[in-house]
Structure formats: C-alpha cells, structure tokens
Amino acid sequence: MLTMKDVATRAGVSTSTVSLVLSGRHKGRVRDAVVEHVRDVADMLGYVPDLMARGLRTRQTHTIGLISDRVASIPFAGQMIGGAQRVAIDEQYLILLVDTDGDQRVVRNALTMLLQRNVDALIYACEYHQVIVPPAVPDRVPLVILDGRPEDPSSPVDWIVPDERGGAFAAVAELTAVGHRRIGFCTVSRDIPARSLRLQGYRDALEAAGIVFDPDLVVEAVEAGTVHTLEPARALLSRDDRPTAVFCFGDRMANAVYHVANELGLAIPGDLSVVGFDNQLDIADGLVPGLTTVQLPHRAMGELAAQVTIQRALEDLHAPRVPSEHIVPCPIVRRCSVAAPRTVATMT
C-alpha cells in the first residue's frame, strides 16, 4: 500500500507537509502552489488514506452500522437505505449493512460484528412503523431507530417516524375540499401505531370540515393486502347509503376498493373518489385512473437518520444524550382518483 512517505518522496516535500495537505489542515501553513502539487502527485499515484490507521488514533472509523429488519427486501421501503447511504457518502462515511430477515439471532450476531469493527454509530431500520425494544449497545455508540419508536420513550436513542396522523389528515382534506361529506375509511385491525394515528388524522380532517364522525363508515381488514380488503370494501360500498369517497390505510387496500367498485359498476372518480397511503409506485401508477395517495417519505427518513447519526457520532461521548423524536411529513401525491361527488358537481 502506498504511504504518505511515498507521496512525499515523489513530490519532493516532507511527510508532515503531505499529512497537512491531505488532512485539510494546510490553510495558513502550506503555500497554495505546494498544496496543489501534493494533491496532483497523490492523485497520480492513486494514494488512498488508511482510515483504519487513522481510526486507531482518532477513535473514529467513519463507519455506520445499519441493521435492517427486512427493509432491504421491500422495494418501496428500501428507499430508506438509499437515502441513508447518499448522506453518508456525502459526509465521507461508509455504511455497513446487515439485513436480518426478522431473525433475532442474526440481530445479535450482527451487533457483535459491527461493534467489533468499531462503528461510530448504529441505525436500526424497522420493516414498518412499530414500537420496539431497542437492541442493547454500549453507551459510547449512538443508536438511531429508523421507522420505529422505543417502547420506553426515555431510552437514550433517537427515533425517526413518518407523520402518519398529518398524512391521513391531508388525504381526507383532499376529499372534503372538493365537497365529499360521506367518507369511508378502510383500515386494518392490527394494533400498530399507524392504525391509531391514521384513524386520528381521518377524524381530525372530518372535524375540521364540520363533519360528524360516523363509525359505520370505518371498516377493517386483518391485513393491509388486497385480498384481505375485498370483503370489507364490498360491505362498505354495497350499502344503500354508501360513501361517495374512501380513504384507504394503504395502496394495496385501495387496489381492493378499485376492484369492488368495478364489480358494482361504480366509476372512479365519477361515482367514487379514492385516496390511498404509501405511494407504492407499482400500484399507485398502475391503477386506472392513477391513485391519489400519501407519500411515505422513506428516502427523506433515511437521509435524516444518517444526518442525526453522524451528528451524534461527533458529539462528546461523555455529554448526556437527550433522546429525540423526529417526525417526517407525508405529502400528498395527486393523480386522477379524486373528483367532486356527483351531487355537488350537478349543483355547480
């Protein structure tokens, strides 16, 4: 491996001068012409700094361990990893990724291996927004939970989650803004944070529009998949007093609503407006008409996770670490599945 001494010999300067230039500590200490010459020689020789050796001196390796709970295998959630990696590279950090496939034994082994490599900090990325018990790590290693929150809010970790409630509010407000008053909600029965938060956002938007919440317009499926939503959607849309619009917990549930609407001869958006949540492009773009939905901000969450992690890694190890929650906005993505209800359209 090339050394600073090799660069110094070829450039005709001292090793200390090369060290100052390549570490960025040359300002006011080395003439500009020499700085440029040293950099040119280093580039010509293909010199790469030995970060492991530097890490032994500085106790920083410029590496982040990222433990993924199935995130790497979910196409639309994988954007979290892409976002974290982009920020890390920009800040000259390397991410070491381990996907656990939900196996706790792999989590324990991965933690051990990453800590043995002296990572500066850790990110634990969840498959979906959930409450977890954070993995145990040494106090010296900052931990950020991505798309999850600790069971104990006083845990010394940071966490990053999407604004589920605000996203649901925006989705329903999209419908009330064009005149809908009877708005159904297809949700899940599973007890997860997104369920309660999106229901609250739905109710907030109804209240803001002066609409009384009707629990009969809320139907549940055991899972957020299309096949599980077909029967609840049929029950909702077959009512004599069916809603004129439906907000869906997820895009796959919206897909089921499209299927049932077609069975019943209801045109979207002429007879029924639909708004989803997630912005799964293979679904939202593939439906006809395209589905208006709420963006789960996976990439922005990943970027923020890397920023927070690097910031924590640079802090004084002995300073008290105050846990913080970061809520990332979920914007509306407008396509063609929303229109005014026919009664309003006729009156106007």
# chains A, B, ... in the order shown; residues from 1 in each chain; ligands from 1
call {"tool": "residues_around", "arguments": {"residues": "Gly270 in chain A", "least_positions_apart": "2", "cutoff": "7 Å", "atoms": "only C-alpha atoms", "output": "JSON, numbers by chain"}}
result
{"A": [267, 268, 272, 339, 342]}
call {"tool": "closest_atom_pairs", "arguments": {"of": "range 236-325 of chain A", "to": "range 115-135 of chain A", "cutoff": "10 Å", "atoms": "only C-alpha atoms", "output": "Markdown table"}}
result
| residue | atom | partner | partner_atom | distance |
| --- | --- | --- | --- | --- |
| A:Gly302 | CA | A:Ala125 | CA | 8.8 |
| A:Ala305 | CA | A:Ile123 | CA | 7.3 |
| A:Ala306 | CA | A:Ile123 | CA | 7.9 |
| A:Val308 | CA | A:Ile123 | CA | 9.8 |
| A:Thr309 | CA | A:Ala121 | CA | 6.3 |
| A:Ile310 | CA | A:Ala121 | CA | 7.4 |
| A:Gln311 | CA | A:Ala121 | CA | 9.8 |
| A:Arg312 | CA | A:Ala121 | CA | 7.8 |
| A:Ala313 | CA | A:Asp120 | CA | 5.8 |
| A:Leu314 | CA | A:Asp120 | CA | 8.6 |
call {"tool": "residues_around", "arguments": {"residues": "range 235-249 of chain A", "least_positions_apart": "5", "cutoff": "7 Å", "atoms": "only C-alpha atoms", "output": "MDAnalysis selection string"}}
result
chainID A and resid 172 180 182:187 217 254 271:277 341
call {"tool": "atom_distance", "arguments": {"atom1": "CA of Val106 in chain A", "atom2": "CA of Gly83 in chain A"}}
result
23.7 Å
call {"tool": "decode", "arguments": {"residues": "range 85-97 of chain A", "atoms": "all heavy atoms", "output": "JSON list (two decimals), in the first residue's frame"}}
result
[["chain", "number", "residue", "atom", "x", "y", "z"],
["A", 85, "GLN", "N", -27.62, 6.03, 2.75],
["A", 85, "GLN", "CA", -26.33, 5.82, 2.09],
["A", 85, "GLN", "C", -25.86, 7.08, 1.36],
["A", 85, "GLN", "O", -24.67, 7.40, 1.38],
["A", 85, "GLN", "CB", -26.44, 4.65, 1.12],
["A", 85, "GLN", "CG", -25.12, 4.30, 0.45],
["A", 85, "GLN", "CD", -25.18, 2.94, -0.22],
["A", 85, "GLN", "OE1", -25.08, 1.92, 0.43],
["A", 85, "GLN", "NE2", -25.37, 2.93, -1.53],
["A", 86, "ARG", "N", -26.78, 7.79, 0.71],
["A", 86, "ARG", "CA", -26.40, 9.01, -0.02],
["A", 86, "ARG", "C", -25.80, 10.04, 0.93],
["A", 86, "ARG", "O", -24.74, 10.63, 0.65],
["A", 86, "ARG", "CB", -27.60, 9.61, -0.74],
["A", 86, "ARG", "CG", -27.24, 10.79, -1.64],
["A", 86, "ARG", "CD", -28.44, 11.63, -2.00],
["A", 86, "ARG", "NE", -28.97, 12.32, -0.84],
["A", 86, "ARG", "CZ", -28.44, 13.43, -0.32],
["A", 86, "ARG", "NH1", -27.35, 13.95, -0.83],
["A", 86, "ARG", "NH2", -28.99, 14.00, 0.73],
["A", 87, "VAL", "N", -26.47, 10.27, 2.06],
["A", 87, "VAL", "CA", -25.96, 11.25, 3.02],
["A", 87, "VAL", "C", -24.62, 10.80, 3.59],
["A", 87, "VAL", "O", -23.69, 11.59, 3.74],
["A", 87, "VAL", "CB", -26.99, 11.48, 4.15],
["A", 87, "VAL", "CG1", -26.36, 12.28, 5.29],
["A", 87, "VAL", "CG2", -28.21, 12.19, 3.61],
["A", 88, "ALA", "N", -24.51, 9.52, 3.91],
["A", 88, "ALA", "CA", -23.27, 9.00, 4.48],
["A", 88, "ALA", "C", -22.10, 9.22, 3.53],
["A", 88, "ALA", "O", -21.03, 9.69, 3.93],
["A", 88, "ALA", "CB", -23.43, 7.53, 4.81],
["A", 89, "ILE", "N", -22.30, 8.90, 2.26],
["A", 89, "ILE", "CA", -21.23, 9.07, 1.27],
["A", 89, "ILE", "C", -20.84, 10.54, 1.15],
["A", 89, "ILE", "O", -19.65, 10.89, 1.09],
["A", 89, "ILE", "CB", -21.67, 8.53, -0.11],
["A", 89, "ILE", "CG1", -21.78, 6.99, -0.06],
["A", 89, "ILE", "CG2", -20.69, 8.95, -1.19],
["A", 89, "ILE", "CD1", -20.46, 6.28, 0.17],
["A", 90, "ASP", "N", -21.85, 11.43, 1.13],
["A", 90, "ASP", "CA", -21.57, 12.87, 1.04],
["A", 90, "ASP", "C", -20.73, 13.34, 2.23],
["A", 90, "ASP", "O", -19.92, 14.26, 2.09],
["A", 90, "ASP", "CB", -22.88, 13.66, 0.99],
["A", 90, "ASP", "CG", -23.58, 13.54, -0.36],
["A", 90, "ASP", "OD1", -22.95, 13.01, -1.31],
["A", 90, "ASP", "OD2", -24.74, 13.96, -0.46],
["A", 91, "GLU", "N", -20.94, 12.72, 3.38],
["A", 91, "GLU", "CA", -20.21, 13.12, 4.59],
["A", 91, "GLU", "C", -18.96, 12.26, 4.81],
["A", 91, "GLU", "O", -18.35, 12.31, 5.87],
["A", 91, "GLU", "CB", -21.14, 13.01, 5.81],
["A", 91, "GLU", "CG", -22.33, 13.94, 5.78],
["A", 91, "GLU", "CD", -21.93, 15.40, 5.81],
["A", 91, "GLU", "OE1", -20.90, 15.73, 6.45],
["A", 91, "GLU", "OE2", -22.64, 16.22, 5.19],
["A", 92, "GLN", "N", -18.63, 11.45, 3.79],
["A", 92, "GLN", "CA", -17.43, 10.60, 3.82],
["A", 92, "GLN", "C", -17.51, 9.54, 4.92],
["A", 92, "GLN", "O", -16.52, 9.22, 5.59],
["A", 92, "GLN", "CB", -16.16, 11.44, 3.96],
["A", 92, "GLN", "CG", -15.97, 12.38, 2.77],
["A", 92, "GLN", "CD", -14.66, 13.16, 2.83],
["A", 92, "GLN", "OE1", -13.66, 12.65, 3.30],
["A", 92, "GLN", "NE2", -14.70, 14.39, 2.35],
["A", 93, "TYR", "N", -18.72, 8.99, 5.09],
["A", 93, "TYR", "CA", -18.93, 7.85, 5.99],
["A", 93, "TYR", "C", -19.30, 6.63, 5.14],
["A", 93, "TYR", "O", -19.89, 6.77, 4.06],
["A", 93, "TYR", "CB", -20.06, 8.12, 6.98],
["A", 93, "TYR", "CG", -19.64, 8.92, 8.19],
["A", 93, "TYR", "CD1", -19.37, 10.29, 8.10],
["A", 93, "TYR", "CD2", -19.50, 8.31, 9.43],
["A", 93, "TYR", "CE1", -18.99, 11.03, 9.21],
["A", 93, "TYR", "CE2", -19.12, 9.03, 10.56],
["A", 93, "TYR", "CZ", -18.87, 10.38, 10.44],
["A", 93, "TYR", "OH", -18.49, 11.10, 11.54],
["A", 94, "LEU", "N", -18.97, 5.47, 5.65],
["A", 94, "LEU", "CA", -19.32, 4.22, 4.99],
["A", 94, "LEU", "C", -20.37, 3.50, 5.82],
["A", 94, "LEU", "O", -20.25, 3.40, 7.04],
["A", 94, "LEU", "CB", -18.09, 3.32, 4.84],
["A", 94, "LEU", "CG", -18.32, 1.94, 4.20],
["A", 94, "LEU", "CD1", -18.69, 2.10, 2.73],
["A", 94, "LEU", "CD2", -17.08, 1.08, 4.35],
["A", 95, "ILE", "N", -21.44, 3.02, 5.15],
["A", 95, "ILE", "CA", -22.47, 2.25, 5.85],
["A", 95, "ILE", "C", -22.20, 0.76, 5.67],
["A", 95, "ILE", "O", -22.04, 0.28, 4.55],
["A", 95, "ILE", "CB", -23.87, 2.62, 5.34],
["A", 95, "ILE", "CG1", -24.27, 4.00, 5.87],
["A", 95, "ILE", "CG2", -24.89, 1.58, 5.78],
["A", 95, "ILE", "CD1", -25.67, 4.43, 5.51],
["A", 96, "LEU", "N", -22.17, 0.05, 6.79],
["A", 96, "LEU", "CA", -22.07, -1.41, 6.77],
["A", 96, "LEU", "C", -23.47, -1.96, 7.04],
["A", 96, "LEU", "O", -24.00, -1.79, 8.14],
["A", 96, "LEU", "CB", -21.08, -1.90, 7.84],
["A", 96, "LEU", "CG", -19.64, -1.38, 7.73],
["A", 96, "LEU", "CD1", -18.79, -1.93, 8.86],
["A", 96, "LEU", "CD2", -19.04, -1.74, 6.39],
["A", 97, "LEU", "N", -24.07, -2.59, 6.03],
["A", 97, "LEU", "CA", -25.47, -3.02, 6.10],
["A", 97, "LEU", "C", -25.58, -4.51, 6.37],
["A", 97, "LEU", "O", -24.92, -5.32, 5.72],
["A", 97, "LEU", "CB", -26.18, -2.67, 4.78],
["A", 97, "LEU", "CG", -27.56, -3.29, 4.57],
["A", 97, "LEU", "CD1", -28.57, -2.72, 5.57],
["A", 97, "LEU", "CD2", -28.04, -3.03, 3.13]]
